[in-house]
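Participant: One file: work_33.json (JSON, C-alpha atoms and all ligand atoms).
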[["chain", "number", "residue", "atom", "x", "y", "z"],
["A", 1, "ILE", "CA", 13.87, -16.56, -11.32],
["A", 2, "ALA", "CA", 14.65, -18.98, -14.18],
["A", 3, "PHE", "CA", 15.82, -17.44, -17.45],
["A", 4, "LYS", "CA", 15.12, -18.87, -20.91],
["A", 5, "ARG", "CA", 17.74, -21.44, -21.90],
["A", 6, "GLU", "CA", 16.67, -21.76, -25.54],
["A", 7, "PRO", "CA", 19.18, -20.23, -28.04],
["A", 8, "LEU", "CA", 18.64, -16.47, -28.35],
["A", 9, "GLU", "CA", 19.41, -16.62, -32.10],
["A", 10, "GLU", "CA", 16.29, -18.72, -32.71],
["A", 11, "SER", "CA", 14.08, -15.74, -31.84],
["A", 12, "TYR", "CA", 16.32, -12.72, -32.43],
["A", 13, "GLU", "CA", 18.71, -11.47, -35.11],
["A", 14, "ILE", "CA", 21.57, -9.76, -33.26],
["A", 15, "GLY", "CA", 22.91, -6.52, -34.81],
["A", 16, "ASP", "CA", 25.47, -3.81, -34.06],
["A", 17, "ASP", "CA", 26.77, -2.67, -30.69],
["A", 18, "ILE", "CA", 24.82, 0.29, -29.33],
["A", 19, "GLY", "CA", 26.33, 0.68, -25.88],
["A", 20, "SER", "CA", 28.00, -0.97, -22.92],
["A", 21, "GLY", "CA", 27.47, -1.20, -19.14],
["A", 22, "HIS", "CA", 28.98, -3.06, -16.13],
["A", 23, "PHE", "CA", 30.53, -6.28, -17.57],
["A", 24, "ALA", "CA", 27.99, -5.84, -20.36],
["A", 25, "VAL", "CA", 27.65, -5.00, -24.04],
["A", 26, "VAL", "CA", 24.37, -3.89, -25.63],
["A", 27, "ARG", "CA", 23.44, -4.81, -29.20],
["A", 28, "ARG", "CA", 20.46, -4.17, -31.45],
["A", 29, "ALA", "CA", 18.19, -7.23, -31.61],
["A", 30, "LEU", "CA", 15.46, -7.83, -34.17],
["A", 31, "HIS", "CA", 12.62, -10.08, -32.98],
["A", 32, "LYS", "CA", 12.05, -12.36, -35.98],
["A", 33, "LYS", "CA", 8.33, -13.12, -35.43],
["A", 34, "SER", "CA", 7.17, -9.53, -34.82],
["A", 35, "GLY", "CA", 9.86, -7.63, -36.73],
["A", 36, "GLU", "CA", 10.17, -5.37, -33.66],
["A", 37, "ALA", "CA", 13.59, -3.96, -32.68],
["A", 38, "PHE", "CA", 14.92, -4.36, -29.13],
["A", 39, "ALA", "CA", 18.20, -3.87, -27.25],
["A", 40, "ALA", "CA", 19.93, -7.08, -26.09],
["A", 41, "LYS", "CA", 22.20, -6.52, -23.06],
["A", 42, "PHE", "CA", 24.78, -9.34, -22.80],
["A", 43, "ILE", "CA", 26.03, -9.58, -19.21],
["A", 44, "ARG", "CA", 29.11, -11.78, -18.61],
["A", 45, "LYS", "CA", 28.59, -14.24, -15.75],
["A", 46, "ARG", "CA", 31.38, -14.45, -13.18],
["A", 47, "ARG", "CA", 32.99, -17.89, -13.56],
["A", 48, "GLY", "CA", 34.42, -19.62, -10.48],
["A", 49, "GLY", "CA", 36.30, -17.27, -8.18],
["A", 50, "GLY", "CA", 37.29, -14.93, -10.99],
["A", 51, "ARG", "CA", 37.07, -11.12, -10.86],
["A", 52, "LYS", "CA", 35.62, -10.54, -14.34],
["A", 53, "GLY", "CA", 31.89, -10.80, -14.95],
["A", 54, "ALA", "CA", 28.88, -10.00, -12.79],
["A", 55, "LYS", "CA", 27.95, -12.11, -9.77],
["A", 56, "ALA", "CA", 24.78, -14.18, -10.26],
["A", 57, "GLU", "CA", 23.11, -12.37, -7.32],
["A", 58, "ASP", "CA", 23.87, -8.97, -8.89],
["A", 59, "ILE", "CA", 22.31, -10.06, -12.21],
["A", 60, "GLN", "CA", 19.28, -11.44, -10.35],
["A", 61, "ARG", "CA", 18.98, -8.10, -8.54],
["A", 62, "GLU", "CA", 19.10, -6.07, -11.76],
["A", 63, "VAL", "CA", 16.45, -8.31, -13.35],
["A", 64, "SER", "CA", 14.09, -8.31, -10.34],
["A", 65, "ILE", "CA", 14.39, -4.51, -10.06],
["A", 66, "LEU", "CA", 13.66, -4.00, -13.78],
["A", 67, "ARG", "CA", 10.70, -6.41, -13.58],
["A", 68, "LEU", "CA", 9.24, -4.30, -10.76],
["A", 69, "LEU", "CA", 9.36, -1.03, -12.74],
["A", 70, "ASP", "CA", 6.84, 0.18, -15.33],
["A", 71, "HIS", "CA", 7.23, 3.85, -16.33],
["A", 72, "GLU", "CA", 7.72, 5.77, -19.56],
["A", 73, "ASN", "CA", 10.98, 7.29, -18.29],
["A", 74, "VAL", "CA", 12.46, 3.94, -17.20],
["A", 75, "ILE", "CA", 13.87, 1.34, -19.65],
["A", 76, "ARG", "CA", 11.54, -1.65, -19.99],
["A", 77, "LEU", "CA", 12.63, -5.29, -19.67],
["A", 78, "TYR", "CA", 10.78, -7.76, -21.90],
["A", 79, "ASP", "CA", 12.62, -11.08, -21.57],
["A", 80, "VAL", "CA", 15.70, -12.77, -20.14],
["A", 81, "TYR", "CA", 17.85, -15.52, -21.73],
["A", 82, "GLU", "CA", 20.79, -17.38, -20.26],
["A", 83, "THR", "CA", 23.72, -19.37, -21.62],
["A", 84, "GLY", "CA", 26.66, -20.99, -19.80],
["A", 85, "ILE", "CA", 28.69, -17.76, -19.90],
["A", 86, "GLU", "CA", 26.19, -14.90, -19.98],
["A", 87, "VAL", "CA", 22.71, -13.60, -19.20],
["A", 88, "ILE", "CA", 20.95, -11.62, -21.94],
["A", 89, "LEU", "CA", 18.35, -8.97, -21.07],
["A", 90, "ILE", "CA", 15.90, -8.12, -23.87],
["A", 91, "LEU", "CA", 15.28, -4.41, -23.27],
["A", 92, "GLU", "CA", 13.30, -1.62, -24.89],
["A", 93, "LEU", "CA", 15.40, -0.05, -27.67],
["A", 94, "VAL", "CA", 16.16, 3.65, -27.19],
["A", 95, "THR", "CA", 17.60, 5.33, -30.26],
["A", 96, "GLY", "CA", 18.08, 9.00, -29.35],
["A", 97, "GLY", "CA", 21.59, 8.47, -27.96],
["A", 98, "GLU", "CA", 22.95, 9.42, -24.52],
["A", 99, "LEU", "CA", 22.10, 12.72, -22.86],
["A", 100, "PHE", "CA", 25.88, 12.93, -22.41],
["A", 101, "ASP", "CA", 26.46, 13.18, -26.18],
["A", 102, "TYR", "CA", 23.55, 15.58, -26.62],
["A", 103, "ILE", "CA", 25.08, 18.03, -24.11],
["A", 104, "SER", "CA", 28.58, 17.58, -25.57],
["A", 105, "GLU", "CA", 27.28, 18.60, -29.00],
["A", 106, "LYS", "CA", 25.51, 21.67, -27.60],
["A", 107, "ASP", "CA", 28.15, 22.47, -24.91],
["A", 108, "HIS", "CA", 25.31, 23.39, -22.51],
["A", 109, "LEU", "CA", 21.53, 23.87, -22.60],
["A", 110, "GLY", "CA", 19.23, 26.85, -22.07],
["A", 111, "GLU", "CA", 17.29, 26.86, -18.79],
["A", 112, "GLU", "CA", 13.94, 25.97, -20.40],
["A", 113, "GLU", "CA", 15.42, 22.89, -22.08],
["A", 114, "ALA", "CA", 17.51, 21.92, -19.05],
["A", 115, "SER", "CA", 14.47, 22.25, -16.75],
["A", 116, "ALA", "CA", 12.38, 20.11, -19.14],
["A", 117, "PHE", "CA", 15.05, 17.36, -19.17],
["A", 118, "ILE", "CA", 15.44, 17.47, -15.38],
["A", 119, "ALA", "CA", 11.64, 17.25, -14.95],
["A", 120, "GLN", "CA", 11.64, 14.05, -17.05],
["A", 121, "ILE", "CA", 14.59, 12.61, -15.09],
["A", 122, "LEU", "CA", 12.78, 13.45, -11.82],
["A", 123, "ARG", "CA", 9.64, 11.62, -12.99],
["A", 124, "GLY", "CA", 11.70, 8.52, -13.73],
["A", 125, "VAL", "CA", 13.56, 8.82, -10.40],
["A", 126, "LYS", "CA", 10.22, 9.31, -8.58],
["A", 127, "HIS", "CA", 9.02, 5.98, -10.02],
["A", 128, "LEU", "CA", 12.15, 4.25, -8.68],
["A", 129, "HIS", "CA", 11.97, 5.97, -5.29],
["A", 130, "ASP", "CA", 8.24, 5.24, -4.91],
["A", 131, "HIS", "CA", 9.27, 1.56, -5.18],
["A", 132, "ASN", "CA", 12.15, 2.08, -2.70],
["A", 133, "ILE", "CA", 14.69, 1.56, -5.45],
["A", 134, "ALA", "CA", 17.84, 3.69, -5.61],
["A", 135, "HIS", "CA", 19.62, 3.78, -8.99],
["A", 136, "LEU", "CA", 23.01, 4.72, -7.43],
["A", 137, "ASP", "CA", 24.67, 5.38, -10.78],
["A", 138, "LEU", "CA", 22.75, 8.34, -12.22],
["A", 139, "LYS", "CA", 24.90, 10.20, -14.74],
["A", 140, "PRO", "CA", 24.41, 11.57, -18.29],
["A", 141, "GLU", "CA", 25.75, 8.32, -19.80],
["A", 142, "ASN", "CA", 22.88, 6.42, -18.12],
["A", 143, "ILE", "CA", 20.20, 8.76, -19.41],
["A", 144, "MET", "CA", 19.11, 8.01, -22.96],
["A", 145, "LEU", "CA", 17.02, 10.20, -25.24],
["A", 146, "ARG", "CA", 13.99, 8.39, -26.62],
["A", 147, "ASN", "CA", 14.52, 10.47, -29.75],
["A", 148, "ARG", "CA", 16.35, 13.68, -30.55],
["A", 149, "SER", "CA", 13.27, 15.84, -31.21],
["A", 150, "THR", "CA", 11.61, 15.78, -27.78],
["A", 151, "GLN", "CA", 13.17, 15.98, -24.33],
["A", 152, "SER", "CA", 11.80, 12.51, -23.56],
["A", 153, "ILE", "CA", 14.35, 10.45, -21.67],
["A", 154, "LYS", "CA", 14.79, 6.90, -20.34],
["A", 155, "LEU", "CA", 16.86, 5.88, -17.32],
["A", 156, "ILE", "CA", 19.05, 2.86, -18.19],
["A", 157, "ASP", "CA", 21.69, 0.60, -16.60],
["A", 158, "PHE", "CA", 20.32, -0.64, -13.27],
["A", 159, "GLY", "CA", 23.50, -2.66, -12.69],
["A", 160, "LEU", "CA", 24.22, -0.83, -9.41],
["A", 161, "ALA", "CA", 20.58, -0.24, -8.37],
["A", 162, "GLN", "CA", 19.52, -1.43, -4.89],
["A", 163, "ARG", "CA", 16.27, -1.83, -2.94],
["A", 164, "ILE", "CA", 16.45, 0.53, 0.05],
["A", 165, "GLN", "CA", 14.50, -1.35, 2.73],
["A", 166, "GLY", "CA", 15.91, 0.67, 5.62],
["A", 167, "LYS", "CA", 16.88, -2.45, 7.58],
["A", 168, "GLU", "CA", 20.15, -3.54, 5.93],
["A", 169, "ASP", "CA", 22.92, -1.00, 5.64],
["A", 170, "ILE", "CA", 24.00, -0.41, 2.05],
["A", 171, "ARG", "CA", 27.49, 1.00, 1.92],
["A", 172, "ALA", "CA", 29.54, -0.94, -0.62],
["A", 173, "LEU", "CA", 30.01, -0.05, -4.24],
["A", 174, "MET", "CA", 31.04, 3.05, -6.02],
["A", 175, "GLY", "CA", 29.33, 4.88, -8.85],
["A", 176, "THR", "CA", 31.34, 7.20, -11.09],
["A", 177, "ALA", "CA", 33.52, 9.52, -8.99],
["A", 178, "GLU", "CA", 32.28, 12.93, -10.14],
["A", 179, "PHE", "CA", 28.60, 12.00, -9.64],
["A", 180, "VAL", "CA", 28.71, 10.26, -6.24],
["A", 181, "ALA", "CA", 27.34, 11.80, -3.03],
["A", 182, "PRO", "CA", 29.46, 12.45, 0.10],
["A", 183, "GLU", "CA", 28.04, 9.34, 1.85],
["A", 184, "VAL", "CA", 29.39, 7.18, -0.98],
["A", 185, "VAL", "CA", 32.87, 8.74, -0.68],
["A", 186, "SER", "CA", 32.93, 8.34, 3.13],
["A", 187, "TYR", "CA", 31.47, 4.84, 2.91],
["A", 188, "GLU", "CA", 28.37, 5.65, 4.94],
["A", 189, "THR", "CA", 24.79, 4.50, 4.51],
["A", 190, "LEU", "CA", 23.39, 4.99, 1.03],
["A", 191, "SER", "CA", 19.76, 5.91, 0.48],
["A", 192, "LEU", "CA", 17.32, 7.34, -2.05],
["A", 193, "ALA", "CA", 18.89, 10.73, -1.21],
["A", 194, "THR", "CA", 22.12, 9.48, -2.81],
["A", 195, "ASP", "CA", 20.37, 9.68, -6.21],
["A", 196, "MET", "CA", 19.23, 13.25, -5.50],
["A", 197, "TRP", "CA", 22.83, 14.45, -5.14],
["A", 198, "SER", "CA", 23.53, 12.98, -8.60],
["A", 199, "VAL", "CA", 20.50, 14.83, -10.00],
["A", 200, "GLY", "CA", 22.15, 18.03, -8.72],
["A", 201, "VAL", "CA", 25.40, 17.19, -10.51],
["A", 202, "ILE", "CA", 23.52, 16.41, -13.75],
["A", 203, "THR", "CA", 21.58, 19.71, -13.50],
["A", 204, "TYR", "CA", 24.81, 21.68, -12.96],
["A", 205, "ILE", "CA", 26.36, 20.00, -16.03],
["A", 206, "LEU", "CA", 23.28, 20.56, -18.26],
["A", 207, "LEU", "CA", 23.33, 24.29, -17.43],
["A", 208, "SER", "CA", 27.08, 24.90, -17.69],
["A", 209, "GLY", "CA", 28.79, 22.01, -19.50],
["A", 210, "ALA", "CA", 31.17, 21.92, -16.48],
["A", 211, "SER", "CA", 31.34, 19.25, -13.77],
["A", 212, "PRO", "CA", 30.94, 20.82, -10.27],
["A", 213, "PHE", "CA", 33.30, 18.64, -8.20],
["A", 214, "LEU", "CA", 35.69, 17.25, -10.82],
["A", 215, "GLY", "CA", 39.33, 17.58, -9.71],
["A", 216, "ASP", "CA", 42.61, 16.77, -11.44],
["A", 217, "ASN", "CA", 42.47, 13.26, -9.95],
["A", 218, "GLN", "CA", 40.00, 11.01, -8.12],
["A", 219, "GLN", "CA", 41.27, 11.97, -4.66],
["A", 220, "GLU", "CA", 40.79, 15.68, -5.41],
["A", 221, "THR", "CA", 37.29, 14.98, -6.77],
["A", 222, "TYR", "CA", 36.40, 13.04, -3.60],
["A", 223, "HIS", "CA", 37.73, 15.85, -1.43],
["A", 224, "ASN", "CA", 35.68, 18.45, -3.35],
["A", 225, "ILE", "CA", 32.57, 16.30, -2.81],
["A", 226, "THR", "CA", 32.99, 15.76, 0.94],
["A", 227, "ALA", "CA", 33.93, 19.44, 1.40],
["A", 228, "ILE", "CA", 30.99, 20.48, -0.84],
["A", 229, "ASN", "CA", 33.57, 22.53, -2.66],
["A", 230, "PHE", "CA", 31.77, 23.97, -5.69],
["A", 231, "GLN", "CA", 30.85, 27.38, -7.00],
["A", 232, "PHE", "CA", 28.70, 28.88, -9.75],
["A", 233, "ASP", "CA", 31.51, 30.19, -11.96],
["A", 234, "GLU", "CA", 30.51, 33.55, -13.46],
["A", 235, "GLU", "CA", 32.11, 32.20, -16.64],
["A", 236, "TYR", "CA", 29.27, 29.63, -17.01],
["A", 237, "PHE", "CA", 26.51, 30.86, -14.67],
["A", 238, "SER", "CA", 26.44, 34.62, -15.33],
["A", 239, "ASN", "CA", 22.95, 34.47, -16.85],
["A", 240, "THR", "CA", 21.59, 31.51, -14.89],
["A", 241, "SER", "CA", 18.49, 32.30, -12.80],
["A", 242, "GLU", "CA", 18.54, 32.36, -8.99],
["A", 243, "LEU", "CA", 15.81, 29.68, -9.15],
["A", 244, "ALA", "CA", 18.08, 27.26, -11.02],
["A", 245, "LYS", "CA", 20.94, 27.88, -8.55],
["A", 246, "ASP", "CA", 18.54, 27.44, -5.60],
["A", 247, "PHE", "CA", 17.38, 24.10, -7.10],
["A", 248, "ILE", "CA", 21.00, 22.87, -7.26],
["A", 249, "GLU", "CA", 21.93, 24.21, -3.80],
["A", 250, "LYS", "CA", 19.05, 22.23, -2.23],
["A", 251, "LEU", "CA", 20.64, 19.04, -3.61],
["A", 252, "PHE", "CA", 24.31, 19.72, -2.73],
["A", 253, "VAL", "CA", 23.60, 19.18, 0.98],
["A", 254, "LYS", "CA", 25.94, 16.88, 2.93],
["A", 255, "MET", "CA", 23.34, 15.37, 5.26],
["A", 256, "PRO", "CA", 21.23, 12.95, 3.15],
["A", 257, "LYS", "CA", 18.17, 13.57, 5.38],
["A", 258, "LYS", "CA", 18.44, 17.33, 4.78],
["A", 259, "ARG", "CA", 18.77, 16.98, 1.00],
["A", 260, "ALA", "CA", 15.77, 17.79, -1.23],
["A", 261, "THR", "CA", 13.72, 14.67, -2.07],
["A", 262, "VAL", "CA", 12.41, 13.86, -5.55],
["A", 263, "ASP", "CA", 8.99, 15.25, -4.53],
["A", 264, "ASP", "CA", 10.61, 18.46, -3.21],
["A", 265, "CYS", "CA", 12.34, 18.80, -6.60],
["A", 266, "LEU", "CA", 9.17, 18.17, -8.62],
["A", 267, "ASN", "CA", 7.49, 20.94, -6.60],
["A", 268, "HIS", "CA", 10.41, 23.36, -6.90],
["A", 269, "PRO", "CA", 9.41, 26.50, -8.87],
["A", 270, "TRP", "CA", 12.29, 25.91, -11.33],
["A", 271, "ILE", "CA", 10.63, 22.62, -12.30],
["A", 272, "ARG", "CA", 6.90, 23.06, -11.76],
["A", 273, "PRO", "CA", 5.14, 23.71, -15.12],
["A", 274, "LYS", "CA", 4.98, 27.48, -15.59],
["A", 275, "GLU", "CA", 1.48, 28.73, -14.55],
["A", 276, "PRO", "CA", 0.03, 29.95, -17.90],
["A", 277, "LEU", "CA", 0.58, 26.60, -19.67],
["A", 278, "GLU", "CA", -1.03, 24.73, -16.76],
["A", 279, "LEU", "CA", -3.96, 27.20, -16.76],
["A", 280, "ILE", "CA", -4.57, 26.68, -20.51],
["A", 281, "LYS", "CA", -4.40, 22.91, -20.07],
["A", 282, "ARG", "CA", -6.93, 23.06, -17.23],
["A", 283, "GLN", "CA", -9.26, 25.42, -19.19],
["A", 284, "SER", "CA", -9.08, 23.22, -22.31],
["A", 285, "ALA", "CA", -9.94, 20.22, -20.12],
["A", 286, "VAL", "CA", -13.06, 22.08, -18.90],
["A", 287, "ILE", "CA", -14.03, 23.01, -22.51],
["A", 288, "ASN", "CA", -13.77, 19.32, -23.50],
["A", 289, "ILE", "CA", -16.14, 18.30, -20.70],
["A", 290, "ASP", "CA", -18.74, 20.85, -21.90],
["A", 291, "ASN", "CA", -18.69, 19.71, -25.55],
["A", 301, "LIG", "C1", 22.20, 1.42, -24.80],
["A", 301, "LIG", "C2", 20.74, 0.99, -24.75],
["A", 301, "LIG", "C3", 20.24, 0.33, -23.65],
["A", 301, "LIG", "C4", 18.92, -0.03, -23.63],
["A", 301, "LIG", "N1", 18.14, 0.26, -24.69],
["A", 301, "LIG", "N2", 18.62, 0.91, -25.76],
["A", 301, "LIG", "C5", 19.90, 1.29, -25.81]]
What would you get if you wrote out this structure as structure tokens?
Facilitator:
Amino acid sequence: IAFKREPLEESYEIGDDIGSGHFAVVRRALHKKSGEAFAAKFIRKRRGGGRKGAKAEDIQREVSILRLLDHENVIRLYDVYETGIEVILILELVTGGELFDYISEKDHLGEEEASAFIAQILRGVKHLHDHNIAHLDLKPENIMLRNRSTQSIKLIDFGLAQRIQGKEDIRALMGTAEFVAPEVVSYETLSLATDMWSVGVITYILLSGASPFLGDNQQETYHNITAINFQFDEEYFSNTSELAKDFIEKLFVKMPKKRATVDDCLNHPWIRPKEPLELIKRQSAVINIDN
């Protein structure tokens, strides 16, 4: 896929830093013609045999994956530029900040709000999984709020995302220690189920502010993960519903094939829209047809 070689500055005014990813920095970008604001992700190309910078094939993968996706809970890619030293992705601008910061400010969320966020994350993950794409780096830093008022979120940073075709064995890579599934730690086959483990970790954190497997060092964290060594501390979970705990327990399963899928999660009673609201929506739909 050829990227635009014309100078980015001809079409965009580059502004402040708004984030960073793998070998990347993200800046505000104002499109001169339309006056619309975007996010420009500058990805350093790996030069020669160096270690720094992203490999051309990894950048191509991130771009082709983003081009495939089209969902309100997934960051949109509009254009791609290239210079001698970097590739620049022109992405949808998300201004609500990271879910990570939102939780930090509130310490933890109530179940209603947590369930609403997780439902949004699951819809975004379902879009990826329906296209056989695994994100493989799901964590609160990679979940942006569209804006602070609603629980509308966008999944960002597809730098580690992979197509899961089933034929080739994906083992390499590492996400962020406290969010990775047992199969990542023990270097076994990764799959869509690997993302579902991370959804469990995110849910646990939203509800408690604590990280379920985090140890005093990386080795201890990895051991906690492979031993599924977690508990619902009374200190944080005393008034958490059995439904919420059941939702998490169905994701902290060692065998990827036994772990809840994104569809299982969307149908879990802790997530499904509560009956009355759905009933009203359906009734109002009927009333509209009559009028
Ligand atoms: C950090 C970031 C990435 C993509 N879009 N907006 C903000």
Participant: I'd like to know which of A:Ile225, A:Ile143, A:Val184, A:Leu109 is closest to ligand LIG 301 (chain A), using only C-alpha atoms and all ligand atoms.
Facilitator: A:Ile143
Participant: Using all atoms listed in the file, which residues have at least one atom no more than 10 Å from ligand LIG 301 (chain A)? Output them as a PyMOL selection string.
Facilitator: chain A and resi 17-21+25-28+37-41+74-77+89-98+141-146+154-157
Participant: So which residues touch range 112-120 of chain A within 9 Å, counting only C-alpha atoms, skipping near sequence neighbours fewer than 5 positions away, as a list of chain:residue names?
Facilitator: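 Returned residues: A:Asn73, A:Val125, A:Gln151, A:Ser152, A:Ile153, A:Lys154, A:Val199, A:Ile202, A:Thr203, A:Leu206, A:Leu207, A:Ala244, A:Cys265, A:Leu266, A:Trp270, A:Ile271, A:Arg272.
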Participant: Give the answer as one residue: which of A:Ile164, A:Val185, A:Val201, A:Leu251 has the shortest atom-to-atom distance to Ile133 in chain A, using all atoms listed in the file?
Facilitator: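 Of all the options, A:Ile164 lies closest to Ile133 in chain A.
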Participant: Work out how far CA of Tyr236 in chain A is from CA of Lys106 in chain A, in Å to one decimal.
Facilitator: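 Interatomic distance, CA of Lys106 in chain A to CA of Tyr236 in chain A: 13.8 Å.
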Participant: For range 117-125 of chain A, which lacks atoms in the input, supply all heavy atoms and format the output as a PDB file, in the frame of the given file.
Facilitator:
ATOM      1  N   PHE A 117      14.328  18.648 -19.305  1.00  0.00           N
ATOM      2  CA  PHE A 117      15.050  17.360 -19.170  1.00  0.00           C
ATOM      3  C   PHE A 117      15.029  16.908 -17.711  1.00  0.00           C
ATOM      4  O   PHE A 117      14.712  15.759 -17.407  1.00  0.00           O
ATOM      5  CB  PHE A 117      16.515  17.506 -19.620  1.00  0.00           C
ATOM      6  CG  PHE A 117      16.753  17.175 -21.053  1.00  0.00           C
ATOM      7  CD1 PHE A 117      17.298  18.117 -21.915  1.00  0.00           C
ATOM      8  CD2 PHE A 117      16.427  15.924 -21.557  1.00  0.00           C
ATOM      9  CE1 PHE A 117      17.522  17.826 -23.253  1.00  0.00           C
ATOM     10  CE2 PHE A 117      16.647  15.610 -22.896  1.00  0.00           C
ATOM     11  CZ  PHE A 117      17.188  16.571 -23.741  1.00  0.00           C
ATOM     12  N   ILE A 118      15.363  17.848 -16.798  1.00  0.00           N
ATOM     13  CA  ILE A 118      15.440  17.470 -15.380  1.00  0.00           C
ATOM     14  C   ILE A 118      14.073  17.009 -14.877  1.00  0.00           C
ATOM     15  O   ILE A 118      13.961  16.038 -14.126  1.00  0.00           O
ATOM     16  CB  ILE A 118      16.005  18.631 -14.530  1.00  0.00           C
ATOM     17  CG1 ILE A 118      17.454  18.945 -14.949  1.00  0.00           C
ATOM     18  CG2 ILE A 118      15.922  18.314 -13.040  1.00  0.00           C
ATOM     19  CD1 ILE A 118      18.420  17.778 -14.785  1.00  0.00           C
ATOM     20  N   ALA A 119      12.999  17.668 -15.354  1.00  0.00           N
ATOM     21  CA  ALA A 119      11.640  17.250 -14.950  1.00  0.00           C
ATOM     22  C   ALA A 119      11.381  15.803 -15.349  1.00  0.00           C
ATOM     23  O   ALA A 119      10.849  15.009 -14.572  1.00  0.00           O
ATOM     24  CB  ALA A 119      10.605  18.178 -15.565  1.00  0.00           C
ATOM     25  N   GLN A 120      11.806  15.435 -16.569  1.00  0.00           N
ATOM     26  CA  GLN A 120      11.640  14.050 -17.050  1.00  0.00           C
ATOM     27  C   GLN A 120      12.453  13.084 -16.192  1.00  0.00           C
ATOM     28  O   GLN A 120      11.974  12.025 -15.802  1.00  0.00           O
ATOM     29  CB  GLN A 120      12.160  13.953 -18.488  1.00  0.00           C
ATOM     30  CG  GLN A 120      11.319  14.656 -19.499  1.00  0.00           C
ATOM     31  CD  GLN A 120      10.371  13.700 -20.193  1.00  0.00           C
ATOM     32  OE1 GLN A 120      10.603  12.501 -20.251  1.00  0.00           O
ATOM     33  NE2 GLN A 120       9.290  14.240 -20.687  1.00  0.00           N
ATOM     34  N   ILE A 121      13.708  13.470 -15.904  1.00  0.00           N
ATOM     35  CA  ILE A 121      14.590  12.610 -15.090  1.00  0.00           C
ATOM     36  C   ILE A 121      13.955  12.434 -13.707  1.00  0.00           C
ATOM     37  O   ILE A 121      13.881  11.317 -13.183  1.00  0.00           O
ATOM     38  CB  ILE A 121      16.000  13.230 -14.986  1.00  0.00           C
ATOM     39  CG1 ILE A 121      16.683  13.205 -16.363  1.00  0.00           C
ATOM     40  CG2 ILE A 121      16.847  12.505 -13.944  1.00  0.00           C
ATOM     41  CD1 ILE A 121      17.937  14.063 -16.461  1.00  0.00           C
ATOM     42  N   LEU A 122      13.406  13.528 -13.149  1.00  0.00           N
ATOM     43  CA  LEU A 122      12.780  13.450 -11.820  1.00  0.00           C
ATOM     44  C   LEU A 122      11.563  12.526 -11.829  1.00  0.00           C
ATOM     45  O   LEU A 122      11.339  11.770 -10.885  1.00  0.00           O
ATOM     46  CB  LEU A 122      12.372  14.849 -11.342  1.00  0.00           C
ATOM     47  CG  LEU A 122      13.532  15.772 -10.954  1.00  0.00           C
ATOM     48  CD1 LEU A 122      13.025  17.198 -10.759  1.00  0.00           C
ATOM     49  CD2 LEU A 122      14.223  15.268  -9.686  1.00  0.00           C
ATOM     50  N   ARG A 123      10.799  12.521 -12.925  1.00  0.00           N
ATOM     51  CA  ARG A 123       9.640  11.620 -12.990  1.00  0.00           C
ATOM     52  C   ARG A 123      10.088  10.169 -12.991  1.00  0.00           C
ATOM     53  O   ARG A 123       9.519   9.322 -12.314  1.00  0.00           O
ATOM     54  CB  ARG A 123       8.791  11.942 -14.232  1.00  0.00           C
ATOM     55  CG  ARG A 123       7.915  13.138 -14.009  1.00  0.00           C
ATOM     56  CD  ARG A 123       6.956  13.410 -15.143  1.00  0.00           C
ATOM     57  NE  ARG A 123       6.829  14.875 -15.281  1.00  0.00           N
ATOM     58  CZ  ARG A 123       7.201  15.541 -16.370  1.00  0.00           C
ATOM     59  NH1 ARG A 123       7.657  14.907 -17.433  1.00  0.00           N
ATOM     60  NH2 ARG A 123       7.100  16.856 -16.404  1.00  0.00           N
ATOM     61  N   GLY A 124      11.154   9.892 -13.728  1.00  0.00           N
ATOM     62  CA  GLY A 124      11.700   8.520 -13.730  1.00  0.00           C
ATOM     63  C   GLY A 124      12.232   8.155 -12.360  1.00  0.00           C
ATOM     64  O   GLY A 124      11.920   7.085 -11.828  1.00  0.00           O
ATOM     65  N   VAL A 125      12.986   9.068 -11.737  1.00  0.00           N
ATOM     66  CA  VAL A 125      13.560   8.820 -10.400  1.00  0.00           C
ATOM     67  C   VAL A 125      12.432   8.664  -9.383  1.00  0.00           C
ATOM     68  O   VAL A 125      12.497   7.799  -8.511  1.00  0.00           O
ATOM     69  CB  VAL A 125      14.535   9.950  -9.991  1.00  0.00           C
ATOM     70  CG1 VAL A 125      14.932   9.827  -8.529  1.00  0.00           C
ATOM     71  CG2 VAL A 125      15.769   9.922 -10.886  1.00  0.00           C
TER      72      VAL A 125
END
